[in-house]
>>> print(open('final05.cif').read())   # mmCIF, C-alpha atoms
data_model
loop_
_atom_site.label_atom_id
_atom_site.label_comp_id
_atom_site.auth_asym_id
_atom_site.auth_seq_id
_atom_site.Cartn_x
_atom_site.Cartn_y
_atom_site.Cartn_z
CA MET A 1 0.00 0.00 0.00
CA ASN A 2 1.50 3.34 -1.07
CA LEU A 3 1.67 6.46 1.12
CA LYS A 4 -1.48 8.08 -0.24
CA ALA A 5 -3.46 4.86 0.18
CA GLN A 6 -2.23 4.60 3.79
CA LEU A 7 -3.29 8.20 4.44
CA LYS A 8 -6.75 7.56 2.97
CA ALA A 9 -7.13 4.47 5.15
CA ALA A 10 -6.23 6.46 8.27
CA LEU A 11 -8.73 9.21 7.40
CA ASP A 12 -11.44 6.65 6.66
CA GLU A 13 -10.85 5.13 10.10
CA VAL A 14 -11.22 8.56 11.74
CA LYS A 15 -14.49 9.16 9.89
CA LYS A 16 -15.75 5.75 10.98
CA ILE A 17 -15.01 6.53 14.64
CA ALA A 18 -16.66 9.97 14.38
CA LYS A 19 -19.75 8.54 12.65
CA LYS A 20 -20.15 5.84 15.27
CA ALA A 21 -20.08 8.39 18.10
CA GLN A 22 -22.48 10.66 16.19
CA ASP A 23 -24.92 7.83 15.46
CA GLU A 24 -24.90 6.83 19.12
CA LYS A 25 -25.27 10.51 20.16
CA ARG A 26 -22.39 10.43 22.60
CA ASP A 27 -18.91 11.88 23.15
CA PHE A 28 -15.78 9.96 22.26
CA ASN A 29 -14.74 7.36 24.85
CA ASP A 30 -11.17 7.02 26.16
CA ASP A 31 -10.20 4.33 23.65
CA GLU A 32 -11.55 6.38 20.75
CA ILE A 33 -9.74 9.51 21.90
CA LYS A 34 -6.50 7.55 22.11
CA GLN A 35 -7.10 5.98 18.70
CA ILE A 36 -7.88 9.36 17.10
CA GLY A 37 -4.66 10.78 18.54
CA GLU A 38 -2.66 7.89 17.12
CA LEU A 39 -4.34 8.25 13.72
CA ARG A 40 -3.68 11.99 13.74
CA THR A 41 0.03 11.37 14.40
CA LYS A 42 0.09 8.76 11.65
CA ALA A 43 -1.74 11.07 9.20
CA ASP A 44 0.64 13.96 9.92
CA ALA A 45 3.65 11.71 9.37
CA LEU A 46 2.24 10.33 6.11
CA THR A 47 1.35 13.84 4.89
CA ALA A 48 4.92 14.97 5.55
CA LYS A 49 6.32 11.94 3.69
CA ILE A 50 3.99 12.51 0.73
CA LYS A 51 4.99 16.16 0.57
CA ALA A 52 8.68 15.26 0.73
CA ALA A 53 8.25 12.64 -1.99
CA ASP A 54 6.38 15.10 -4.23
CA GLU A 55 9.07 17.73 -3.71
CA ALA A 56 11.79 15.19 -4.51
CA GLN A 57 9.95 14.15 -7.68
CA ALA A 58 9.55 17.80 -8.70
CA SER A 59 13.27 18.42 -8.07
CA ILE A 60 14.20 15.44 -10.25
CA LYS A 61 11.96 16.67 -13.08
CA SER A 62 13.38 20.20 -12.81
CA MET A 63 16.99 18.95 -12.83
CA LEU A 64 16.40 16.63 -15.78
CA ALA A 65 14.60 19.37 -17.72
CA GLN A 66 17.57 21.71 -17.39
CA ALA A 67 20.28 19.12 -17.99
CA LYS A 68 21.19 17.79 -21.46
CA PRO A 69 23.94 15.42 -22.56
CA LEU A 70 26.84 17.31 -24.07
CA GLU A 71 26.52 15.49 -27.38
CA GLU A 72 22.98 16.88 -27.81
CA ASP A 73 24.06 20.52 -27.35
CA LYS A 74 23.99 22.48 -30.55
CA PRO A 75 25.49 25.99 -30.78
CA ASP A 76 22.66 27.22 -33.03
CA GLU A 77 19.90 26.25 -30.54
CA PRO A 78 18.87 28.71 -27.80
CA GLN A 79 19.41 27.53 -24.25
CA LYS A 80 16.20 26.28 -22.59
CA ILE A 81 15.22 27.54 -19.17
CA ALA A 82 12.78 26.23 -16.59
CA HIS A 83 9.17 27.21 -17.32
CA VAL A 84 7.44 29.53 -14.88
CA VAL A 85 3.63 29.58 -14.81
CA GLU A 86 2.28 33.11 -14.90
CA GLY A 87 -1.18 34.58 -15.37
CA LYS A 88 -3.83 36.28 -13.29
CA THR A 89 -6.62 33.77 -13.82
CA LEU A 90 -6.88 30.00 -13.63
CA GLY A 91 -7.42 29.78 -17.39
CA GLU A 92 -4.37 31.92 -18.16
CA ARG A 93 -2.23 29.81 -15.86
CA PHE A 94 -3.41 26.61 -17.52
CA VAL A 95 -2.64 27.68 -21.11
CA LYS A 96 0.79 28.90 -19.92
CA SER A 97 1.55 25.73 -17.96
CA GLN A 98 4.34 23.45 -19.14
CA ALA A 99 1.90 20.56 -19.58
CA TYR A 100 -0.32 22.50 -21.99
CA ARG A 101 2.60 24.09 -23.86
CA ASN A 102 4.07 20.61 -24.41
CA PHE A 103 0.71 19.46 -25.79
CA ARG A 104 0.54 22.39 -28.23
CA LYS A 105 4.14 21.76 -29.31
CA THR A 106 3.37 18.10 -29.99
CA TYR A 107 0.16 18.91 -31.90
CA PRO A 108 0.70 22.38 -33.42
CA SER A 109 -2.17 21.87 -35.88
CA GLY A 110 -4.56 20.21 -33.43
CA VAL A 111 -5.25 16.56 -32.73
CA GLY A 112 -7.00 14.12 -34.99
CA LYS A 113 -9.68 11.55 -34.34
CA ASP A 114 -8.82 8.78 -31.83
CA THR A 115 -5.70 10.62 -30.63
CA PRO A 116 -5.16 9.94 -26.89
CA ILE A 117 -5.04 13.17 -24.87
CA SER A 118 -3.73 13.62 -21.34
CA ILE A 119 -2.80 17.08 -19.98
CA LYS A 120 -2.26 17.54 -16.26
CA ALA A 121 -1.41 20.97 -14.85
CA GLU A 122 -1.11 20.52 -11.10
CA HIS A 123 -1.53 23.20 -8.45
CA ILE A 124 -1.69 26.09 -10.92
CA GLY A 125 -4.26 27.76 -8.65
CA ARG A 126 -1.74 28.03 -5.81
CA MET A 127 -2.62 30.86 -3.43
CA THR A 128 -0.16 33.75 -3.12
CA LEU A 129 -0.24 36.48 -0.50
CA LYS A 130 -0.63 39.75 -2.39
CA ALA A 131 -2.22 43.09 -1.72
CA ASP A 132 -5.95 42.97 -2.44
CA PRO A 133 -6.50 44.83 -5.76
CA ASN A 134 -10.09 45.62 -4.69
CA PRO A 135 -9.90 46.45 -0.98
CA LEU A 136 -13.05 47.20 0.97
CA ASN A 137 -13.49 50.96 1.22
CA THR A 138 -14.49 51.66 4.82
CA ALA A 139 -15.04 55.31 3.97
CA ASP A 140 -17.70 54.27 1.46
CA ASN A 141 -19.79 51.96 3.68
CA GLY A 142 -17.82 48.87 2.75
CA ASN A 143 -18.19 49.16 -1.03
CA LEU A 144 -15.24 48.11 -3.15
CA LEU A 145 -12.94 50.84 -4.35
CA VAL A 146 -13.42 51.54 -8.04
CA GLN A 147 -10.69 50.51 -10.47
CA ARG A 148 -9.56 52.83 -13.23
CA LEU A 149 -8.65 50.98 -16.38
CA PRO A 150 -6.06 53.00 -18.34
CA GLY A 151 -6.31 53.24 -22.09
CA ILE A 152 -10.11 52.87 -22.32
CA ASP A 153 -11.14 56.51 -22.07
CA ASP A 154 -10.36 56.28 -18.33
CA LEU A 155 -13.62 54.42 -17.62
CA THR A 156 -14.30 53.33 -14.05
CA TYR A 157 -15.88 50.05 -12.99
CA ARG A 158 -17.10 48.94 -9.59
CA GLN A 159 -16.27 45.31 -8.94
CA PRO A 160 -19.09 43.39 -7.21
CA THR A 161 -18.44 41.92 -3.78
CA THR A 162 -19.23 38.27 -3.03
CA ILE A 163 -19.23 36.35 0.22
CA LEU A 164 -15.95 34.71 -0.85
CA ASP A 165 -14.35 38.17 -0.84
CA LEU A 166 -15.27 38.57 2.83
CA ILE A 167 -14.16 35.26 4.36
CA THR A 168 -10.59 34.55 5.46
CA LYS A 169 -8.53 32.42 3.08
CA GLY A 170 -5.36 30.55 3.94
CA THR A 171 -3.59 27.23 3.56
CA ALA A 172 -3.49 23.97 5.50
CA SER A 173 -0.90 21.19 5.62
CA SER A 174 -3.10 18.46 7.09
CA PRO A 175 -6.37 16.98 5.73
CA LEU A 176 -7.79 16.73 9.25
CA LEU A 177 -7.69 19.60 11.71
CA GLN A 178 -9.09 19.68 15.23
CA TYR A 179 -9.76 23.25 16.31
CA ARG A 180 -11.45 25.23 19.06
CA GLN A 181 -14.68 26.95 18.14
CA LEU A 182 -15.37 29.97 20.32
CA VAL A 183 -18.81 29.83 21.93
CA SER A 184 -18.70 32.89 24.20
CA ILE A 185 -16.35 35.36 25.87
CA ALA A 186 -16.61 36.47 29.49
CA SER A 187 -14.61 39.69 29.55
CA ASN A 188 -13.05 40.83 32.82
CA ALA A 189 -10.97 43.67 31.38
CA GLY A 190 -10.61 46.75 33.54
CA ILE A 191 -8.32 49.28 35.16
CA VAL A 192 -6.08 47.65 37.73
CA ALA A 193 -5.15 49.54 40.86
CA GLU A 194 -1.58 49.68 42.14
CA SER A 195 -0.84 46.77 44.48
CA LYS A 196 -0.44 47.93 48.06
CA THR A 197 -0.37 44.48 49.62
CA SER A 198 0.13 40.88 48.51
CA THR A 199 -3.37 39.87 49.54
CA GLY A 200 -5.49 41.67 46.93
CA THR A 201 -8.22 39.49 45.45
CA ASP A 202 -9.54 41.66 42.63
CA LYS A 203 -8.66 44.56 40.29
CA THR A 204 -9.05 47.15 43.03
CA GLY A 205 -6.48 45.24 45.06
CA GLY A 206 -3.95 45.07 42.24
CA LEU A 207 -4.79 41.57 40.99
CA LYS A 208 -4.61 41.37 37.19
CA PRO A 209 -7.93 40.26 35.63
CA LEU A 210 -8.52 37.08 33.69
CA SER A 211 -11.12 36.82 30.92
CA THR A 212 -12.50 33.38 30.09
CA LEU A 213 -13.27 31.79 26.76
CA ASP A 214 -15.96 29.14 26.41
CA THR A 215 -14.93 26.85 23.55
CA GLN A 216 -15.92 23.55 22.02
CA THR A 217 -13.82 21.17 19.94
CA LYS A 218 -14.62 20.83 16.26
CA ASN A 219 -13.09 18.75 13.49
CA ALA A 220 -12.42 20.16 10.03
CA SER A 221 -11.76 17.76 7.16
CA ALA A 222 -10.51 18.42 3.66
CA TYR A 223 -13.14 18.12 0.93
CA THR A 224 -12.62 18.03 -2.83
CA TYR A 225 -14.30 20.73 -4.93
CA ALA A 226 -14.41 19.79 -8.61
CA ASP A 227 -16.19 20.43 -11.89
CA GLY A 228 -15.65 19.48 -15.51
CA ILE A 229 -16.79 20.46 -19.00
CA GLU A 230 -16.61 19.00 -22.50
CA VAL A 231 -14.50 20.80 -25.09
CA THR A 232 -13.93 20.15 -28.77
CA ASN A 233 -10.46 19.51 -30.15
CA GLN A 234 -10.57 22.91 -31.84
CA GLU A 235 -11.31 24.65 -28.51
CA LEU A 236 -8.54 22.63 -26.87
CA SER A 237 -6.06 23.94 -29.44
CA ASP A 238 -7.05 27.58 -29.01
CA ASP A 239 -5.47 29.38 -26.06
CA GLY A 240 -8.05 32.15 -25.92
CA ALA A 241 -11.11 29.89 -26.20
CA LEU A 242 -9.78 27.49 -23.58
CA THR A 243 -8.93 30.31 -21.18
CA ALA A 244 -12.45 31.72 -21.53
CA LEU A 245 -14.04 28.31 -20.89
CA ILE A 246 -11.95 27.63 -17.78
CA ASP A 247 -12.42 31.12 -16.31
CA GLY A 248 -16.00 31.64 -17.45
CA ILE A 249 -17.39 28.22 -16.51
CA LEU A 250 -15.11 26.03 -14.40
CA ARG A 251 -13.77 28.78 -12.14
CA GLN A 252 -17.23 30.32 -11.77
CA ASN A 253 -18.85 26.97 -10.96
CA LEU A 254 -16.21 26.12 -8.35
CA ASP A 255 -16.68 29.52 -6.71
CA LEU A 256 -20.48 29.12 -6.69
CA GLU A 257 -20.20 25.66 -5.11
CA THR A 258 -17.76 26.95 -2.50
CA GLU A 259 -20.17 29.80 -1.78
CA ARG A 260 -23.04 27.31 -1.37
CA VAL A 261 -21.05 25.22 1.10
CA VAL A 262 -20.01 28.31 3.11
CA LEU A 263 -23.65 29.34 3.39
CA SER A 264 -25.62 26.08 3.57
CA GLY A 265 -23.26 23.10 3.73
CA ALA A 266 -25.12 20.17 5.31
CA GLY A 267 -22.44 19.19 7.83
CA THR A 268 -22.45 15.50 6.81
CA ASP A 269 -19.72 13.09 5.77
CA ASP A 270 -20.06 14.51 2.27
CA GLU A 271 -19.62 18.24 3.03
CA PRO A 272 -18.81 20.60 5.92
CA ALA A 273 -21.44 22.55 7.83
CA GLY A 274 -22.27 25.99 6.45
CA ILE A 275 -23.57 29.02 8.31
CA LEU A 276 -27.22 27.94 8.05
CA ASN A 277 -26.42 24.58 9.68
CA THR A 278 -23.98 25.64 12.39
CA THR A 279 -25.01 25.60 16.04
CA GLY A 280 -24.30 28.89 17.80
CA VAL A 281 -25.21 31.23 14.94
CA LEU A 282 -27.57 33.89 16.30
CA GLN A 283 -31.23 33.76 15.23
CA GLN A 284 -33.34 36.82 14.44
CA ASP A 285 -37.04 36.16 13.92
CA PHE A 286 -39.17 38.23 11.57
CA ALA A 287 -40.25 41.49 13.21
CA THR A 288 -42.85 43.73 11.51
CA ASP A 289 -41.00 43.95 8.16
CA ALA A 290 -37.61 43.22 6.61
CA ILE A 291 -36.16 46.64 7.42
CA THR A 292 -37.12 46.39 11.09
CA THR A 293 -35.84 42.81 11.28
CA ILE A 294 -32.43 43.79 9.93
CA ARG A 295 -32.12 46.67 12.40
CA LYS A 296 -32.95 44.34 15.30
CA ALA A 297 -30.36 41.84 14.05
CA LYS A 298 -27.77 44.63 13.99
CA THR A 299 -28.50 45.27 17.67
CA LEU A 300 -28.49 41.54 18.45
CA LEU A 301 -24.99 41.15 17.02
CA SER A 302 -23.74 44.21 18.85
CA THR A 303 -25.10 43.25 22.26
CA THR A 304 -24.44 39.51 22.09
CA SER A 305 -20.97 39.29 20.56
CA GLN A 306 -19.85 42.94 20.19
CA THR A 307 -19.93 42.47 16.41
CA VAL A 308 -20.04 45.29 13.88
CA ALA A 309 -21.77 43.80 10.84
CA GLN A 310 -19.41 43.57 7.88
CA ALA A 311 -22.17 42.88 5.34
CA ILE A 312 -25.59 41.32 4.86
CA VAL A 313 -26.05 38.52 2.32
CA LEU A 314 -29.42 38.41 0.53
CA ASN A 315 -31.03 36.38 -2.19
CA PRO A 316 -31.20 38.52 -5.39
CA GLU A 317 -35.03 38.56 -5.18
CA ASP A 318 -34.91 40.05 -1.67
CA ASP A 319 -32.25 42.53 -2.76
CA GLU A 320 -34.52 43.57 -5.63
CA ALA A 321 -37.34 44.22 -3.15
CA PHE A 322 -35.16 46.74 -1.32
CA ASP A 323 -34.28 48.53 -4.58
CA LEU A 324 -37.96 48.75 -5.53
CA ALA A 325 -39.27 49.81 -2.10
CA GLN A 326 -41.28 53.07 -2.34
CA ASP A 327 -43.07 55.43 0.01
CA ALA A 328 -46.74 56.46 -0.26
CA ASN A 329 -45.83 59.00 -2.96
CA LYS A 330 -44.13 56.38 -5.16
CA ARG A 331 -40.68 57.69 -4.33
CA TYR A 332 -37.91 55.10 -4.02
CA TYR A 333 -36.41 54.78 -0.56
CA GLY A 334 -33.05 53.91 -2.12
CA ASN A 335 -31.03 55.27 -5.02
CA GLY A 336 -33.71 54.68 -7.62
CA PRO A 337 -33.14 53.37 -11.15
CA PHE A 338 -30.81 56.19 -12.20
CA GLY A 339 -29.08 56.92 -8.91
CA ILE A 340 -25.59 55.93 -7.89
CA GLY A 341 -24.15 55.27 -4.49
CA PRO A 342 -23.58 52.55 -1.91
CA GLN A 343 -25.92 49.57 -1.79
CA THR A 344 -26.52 49.50 1.96
CA ILE A 345 -29.25 49.11 4.56
CA TRP A 346 -28.77 50.68 7.97
CA GLY A 347 -25.22 51.44 6.81
CA ILE A 348 -24.49 47.74 6.17
CA PRO A 349 -23.30 46.76 2.65
CA ARG A 350 -25.74 44.48 0.78
CA ILE A 351 -24.31 41.62 -1.24
CA THR A 352 -26.23 38.90 -3.03
CA SER A 353 -26.01 35.16 -3.43
CA THR A 354 -28.29 32.75 -5.27
CA ARG A 355 -27.14 30.16 -2.75
CA ILE A 356 -29.24 31.64 0.08
CA PRO A 357 -33.00 30.97 0.21
CA VAL A 358 -35.52 33.72 -0.55
CA GLY A 359 -36.75 35.27 2.71
CA THR A 360 -33.52 34.43 4.56
CA ALA A 361 -30.48 36.62 5.14
CA VAL A 362 -27.14 36.26 6.90
CA MET A 363 -25.44 39.21 8.55
CA GLY A 364 -22.31 39.68 10.63
CA ASP A 365 -18.54 39.39 10.50
CA PHE A 366 -17.71 36.87 7.77
CA SER A 367 -13.93 37.17 8.24
CA GLN A 368 -14.00 34.60 11.06
CA ILE A 369 -15.00 31.94 8.51
CA GLN A 370 -11.79 30.33 7.32
CA LEU A 371 -11.30 28.48 4.02
CA LEU A 372 -7.92 26.73 4.15
CA THR A 373 -6.57 25.31 0.90
CA LEU A 374 -4.88 21.92 1.23
CA GLU A 375 -4.35 21.29 -2.50
CA PRO A 376 -4.49 24.28 -4.88
CA THR A 377 -6.55 24.00 -8.05
CA SER A 378 -5.29 21.60 -10.71
CA VAL A 379 -6.64 21.26 -14.25
CA LEU A 380 -6.68 17.90 -16.06
CA VAL A 381 -7.66 17.27 -19.69
CA PHE A 382 -8.20 13.80 -21.15
CA ASN A 383 -10.35 12.03 -23.72
CA GLN A 384 -10.24 8.51 -22.24
CA HIS A 385 -13.90 8.88 -21.34
CA LYS A 386 -17.00 7.37 -22.98
CA ASP A 387 -16.57 7.75 -26.76
CA TYR A 388 -14.91 11.18 -26.57
CA ALA A 389 -11.89 10.23 -28.68
CA GLN A 390 -14.15 9.18 -31.55
CA ARG A 391 -16.17 12.38 -31.28
CA ASN A 392 -13.16 14.75 -31.07
CA LEU A 393 -14.16 15.75 -27.54
CA SER A 394 -12.12 16.03 -24.33
CA TYR A 395 -13.03 16.35 -20.67
CA VAL A 396 -11.55 19.34 -18.82
CA ARG A 397 -11.67 19.02 -15.05
CA ALA A 398 -10.65 21.52 -12.36
CA GLU A 399 -10.43 20.53 -8.71
CA ASN A 400 -8.97 21.57 -5.37
CA ARG A 401 -9.14 20.43 -1.74
CA ALA A 402 -9.92 22.72 1.19
CA LEU A 403 -11.00 22.77 4.84
CA GLN A 404 -13.79 25.03 6.14
CA LEU A 405 -13.81 26.39 9.71
CA ILE A 406 -16.32 28.65 11.46
CA ARG A 407 -14.38 30.04 14.40
CA GLN A 408 -17.03 32.12 16.20
CA PRO A 409 -20.63 31.40 15.15
CA ALA A 410 -22.05 34.12 17.42
CA LYS A 411 -20.53 36.77 15.17
CA LEU A 412 -23.09 35.79 12.53
CA ALA A 413 -26.87 36.11 12.58
CA LEU A 414 -29.46 34.24 10.54
CA LEU A 415 -32.48 36.43 9.74
CA ALA A 416 -36.02 35.62 8.67
CA ILE A 417 -36.86 38.73 6.62
CA LYS A 418 -40.26 37.48 5.47
CA SER A 419 -43.20 36.41 7.62
CA ALA A 420 -43.91 32.69 7.72
#
>>> encode(input="final05.cif", output="structure tokens")
Amino acid sequence: MNLKAQLKAALDEVKKIAKKAQDEKRDFNDDEIKQIGELRTKADALTAKIKAADEAQASIKSMLAQAKPLEEDKPDEPQKIAHVVEGKTLGERFVKSQAYRNFRKTYPSGVGKDTPISIKAEHIGRMTLKADPNPLNTADNGNLLVQRLPGIDDLTYRQPTTILDLITKGTASSPLLQYRQLVSIASNAGIVAESKTSTGTDKTGGLKPLSTLDTQTKNASAYTYADGIEVTNQELSDDGALTALIDGILRQNLDLETERVVLSGAGTDDEPAGILNTTGVLQQDFATDAITTIRKAKTLLSTTSQTVAQAIVLNPEDDEAFDLAQDANKRYYGNGPFGIGPQTIWGIPRITSTRIPVGTAVMGDFSQIQLLTLEPTSVLVFNQHKDYAQRNLSYVRAENRALQLIRQPAKLALLAIKSA
């Protein structure tokens, strides 16, 4: 059994233990806790070995790519250098990857019928820490700063915000992470008097305060996010068309699925729990109307968890209702059809998602939701599927693996903005 198979077996065993305890509605017993600890140690060790093996394999490939026997050197041939993947989008990175460039070099005029195709560009969606090109503008009620595009009559465009722009993104090195989820904070901060004796028992007597955190243990597992599309051989041989398909369909679909899981993941063996299915998220019942309900939720967040709402996420139909809201004289409460300005309610930026049900909204600080990438996005193309080779079709698949954590549920509120 190879390293990856051993790692999968260890993770399957952990899932089996967790499912058994969940089915029996009980906490882990001593033997299970010990076994989970041993499996965690084993999984960490295997992950480290797999990473080291992958790095060694990559080093070998890089060294062999740069080295040539002396008898093959020709003075009239330019020296080859290692290929570096560049590009802003996933599609651009794929068509500039070494795997795809090798394919185009082998088949400069495209591939014919029944030609076997296999292109694998691994981890081209690797996350890099860079300054956000569209930072939230706190002086403009959280709306994104406009970008000026030079050379096009100096036009300005406002980039839309999504929930994925608000959550915290990072990386993980283990497919299973046990973390502490913060339930509540009991603050004891205060001014401490100068100690006059060694017997003080509180702040007035010089004893430094101690705040307490109420936490519960949660497990985060890595899940695979993937999607694929069919492409013709002509599209596969056209850089621009392939880039547009990957960025316009695959990347969009992966983002929409990630957004769905962040909002409404079921919390089963098949997917992590999203906001709508996480215990500890505050609940705001419908009160009079949507506007009143949102204002009460703003107060609920402030008084319960000292949270300043970062944004409110609405279904597009509910967001439309706010735009069309009018007073008795048929005047729009908001900007109106020809107005410009921030899309807010009670000073809170409104963003939309088709992944949230009509009549439901989520509001709060979304930055405490963490999406940790274990395996950056890879793109694979092959035609060893059904009768694709005979039909001059190929299957393009993009996938990544990530863990989802909700650190402090009480910083989020679930609102019913329509009466039952």
>>> residues_around(input="final05.cif", residues="A:Asp202", least_positions_apart="5", cutoff="10 Å", atoms="all atoms listed in the file", output="list in words")
Val192, Ala193, Leu207, Lys208 and Pro209 of chain A
>>> write_last_selection(input="final05.cif", atoms="C-alpha atoms", output="CSV table (one decimal), in the frame of the given file")
chain,number,residue,atom,x,y,z
A,192,VAL,CA,-6.1,47.6,37.7
A,193,ALA,CA,-5.2,49.5,40.9
A,207,LEU,CA,-4.8,41.6,41.0
A,208,LYS,CA,-4.6,41.4,37.2
A,209,PRO,CA,-7.9,40.3,35.6
>>> residues_around(input="final05.cif", residues="stretch 14-26 of chain A", least_positions_apart="2", cutoff="9 Å", atoms="all atoms listed in the file", output="list of chain:residue names")
A:Ala9, A:Ala10, A:Leu11, A:Asp12, A:Phe28, A:Asn29, A:Glu32, A:Gln35, A:Ile36, A:Leu39, A:Arg40, A:Asp269
>>> write_last_selection(input="final05.cif", atoms="C-alpha atoms", output="tab-separated table (two decimals), in the coordinates of the input")
chain	number	residue	atom	x	y	z
A	9	ALA	CA	-7.13	4.47	5.15
A	10	ALA	CA	-6.23	6.46	8.27
A	11	LEU	CA	-8.73	9.21	7.40
A	12	ASP	CA	-11.44	6.65	6.66
A	28	PHE	CA	-15.78	9.96	22.26
A	29	ASN	CA	-14.74	7.36	24.85
A	32	GLU	CA	-11.55	6.38	20.75
A	35	GLN	CA	-7.10	5.98	18.70
A	36	ILE	CA	-7.88	9.36	17.10
A	39	LEU	CA	-4.34	8.25	13.72
A	40	ARG	CA	-3.68	11.99	13.74
A	269	ASP	CA	-19.72	13.09	5.77
>>> atom_distance(input="final05.cif", atom1="atom CA of A:Asp30", atom2="atom CA of A:Pro272")
25.5 Å
>>> residues_near_point(input="final05.cif", point="(-13.6, 38.6, 4.0)", cutoff="6 Å", atoms="all atoms listed in the file", output="MDAnalysis selection string")
chainID A and resid 165:168 366:367
>>> atom_distance(input="final05.cif", atom1="atom CA of A:Lys113", atom2="atom CA of A:Gln384")
12.5 Å
>>> atom_distance(input="final05.cif", atom1="atom CA of A:Ile50", atom2="atom CA of A:Thr224")
17.9 Å
>>> resolve_selection(input="final05.cif", expression="the PyMOL selection byres ((chain A and resi 306-314) around 10)", output="ChimeraX atom specification")
/A:138,141-143,161-163,166,263,294,297-305,315-320,344-345,347-367,410-415,417
>>> residues_around(input="final05.cif", residues="A:Gly110", least_positions_apart="2", cutoff="9 Å", atoms="all atoms listed in the file", output="ChimeraX atom specification")
/A:104,106-108,112,233-234,236-238
>>> write_last_selection(input="final05.cif", atoms="C-alpha atoms", output="compact mmCIF listing (two decimals), keeping the file's coordinate frame")
# COMPACT_ATOMS: atom_id res chain seq x y z
CA ARG A 104 0.54 22.39 -28.23
CA THR A 106 3.37 18.10 -29.99
CA TYR A 107 0.16 18.91 -31.90
CA PRO A 108 0.70 22.38 -33.42
CA GLY A 112 -7.00 14.12 -34.99
CA ASN A 233 -10.46 19.51 -30.15
CA GLN A 234 -10.57 22.91 -31.84
CA LEU A 236 -8.54 22.63 -26.87
CA SER A 237 -6.06 23.94 -29.44
CA ASP A 238 -7.05 27.58 -29.01
>>> residues_around(input="final05.cif", residues="A:Thr373", least_positions_apart="6", cutoff="6 Å", atoms="all atoms listed in the file", output="PDB file with C-alpha atoms, in the frame of the given file")
ATOM      1  CA  THR A 171      -3.590  27.230   3.560  1.00  0.00           C
ATOM      2  CA  ALA A 172      -3.490  23.970   5.500  1.00  0.00           C
ATOM      3  CA  ALA A 402      -9.920  22.720   1.190  1.00  0.00           C
TER       4      ALA A 402
END
>>> residues_around(input="final05.cif", residues="A:Thr243", least_positions_apart="4", cutoff="8 Å", atoms="all atoms listed in the file", output="list in words")
Leu90, Gly91, Glu92, Phe94, Val95, Asp239 and Asp247 of chain A
>>> closest_residue(input="final05.cif", among="A:Ala244, A:Leu393, A:Ala290, A:Ile275", to="A:Gln368", atoms="all atoms listed in the file")
A:Ile275
>>> closest_residue(input="final05.cif", among="A:Arg260, A:Arg391, A:His123, A:Arg331", to="A:Thr232", atoms="all atoms listed in the file")
A:Arg391
>>> residues_near_point(input="final05.cif", point="(-18.6, 30.5, 22.9)", cutoff="6 Å", atoms="all atoms listed in the file", output="short mmCIF file (atom, residue, chain, number, x, y, z; two decimals) with C-alpha atoms, keeping the file's coordinate frame")
data_model
loop_
_atom_site.label_atom_id
_atom_site.label_comp_id
_atom_site.auth_asym_id
_atom_site.auth_seq_id
_atom_site.Cartn_x
_atom_site.Cartn_y
_atom_site.Cartn_z
CA LEU A 182 -15.37 29.97 20.32
CA VAL A 183 -18.81 29.83 21.93
CA SER A 184 -18.70 32.89 24.20
CA ASP A 214 -15.96 29.14 26.41
CA THR A 215 -14.93 26.85 23.55
#
>>> resolve_selection(input="final05.cif", expression="the PyMOL selection byres ((chain A and resi 177) around 6)", output="list in words")
Leu176, Gln178, Asn219 and Ala220 of chain A
>>> resolve_selection(input="final05.cif", expression="the PyMOL selection byres ((chain A and resi 249-251) around 12)", output="PyMOL selection string")
chain A and resi 89-92+94+125+225-231+241-248+252-258+377-380+395-400
>>> closest_residue(input="final05.cif", among="A:Lys96, A:Lys4, A:Lys88, A:Lys296", to="A:Ala53", atoms="all atoms listed in the file")
A:Lys4
>>> closest_residue(input="final05.cif", among="A:Lys8, A:Lys203, A:Lys169, A:Arg101", to="A:Leu403", atoms="all atoms listed in the file")
A:Lys169
>>> closest_residue(input="final05.cif", among="A:Gly200, A:Arg407, A:Ile117, A:Leu371", to="A:Glu259", atoms="all atoms listed in the file")
A:Leu371
>>> build_atoms(input="final05.cif", residues="stretch 414-418 of chain A", atoms="N, CA, C and O atoms", output="tab-separated table (two decimals), keeping the file's coordinate frame")
chain	number	residue	atom	x	y	z
A	414	LEU	N	-28.58	34.73	11.58
A	414	LEU	CA	-29.46	34.24	10.54
A	414	LEU	C	-30.81	34.92	10.71
A	414	LEU	O	-31.42	34.86	11.77
A	415	LEU	N	-31.29	35.60	9.66
A	415	LEU	CA	-32.48	36.43	9.74
A	415	LEU	C	-33.61	35.86	8.91
A	415	LEU	O	-33.40	35.40	7.79
A	416	ALA	N	-34.81	35.91	9.45
A	416	ALA	CA	-36.02	35.62	8.67
A	416	ALA	C	-36.62	36.97	8.29
A	416	ALA	O	-37.20	37.67	9.11
A	417	ILE	N	-36.44	37.38	7.02
A	417	ILE	CA	-36.86	38.73	6.62
A	417	ILE	C	-38.22	38.72	5.93
A	417	ILE	O	-38.65	39.74	5.38
A	418	LYS	N	-38.89	37.57	5.95
A	418	LYS	CA	-40.26	37.48	5.47
A	418	LYS	C	-41.08	36.70	6.49
A	418	LYS	O	-40.57	35.77	7.11
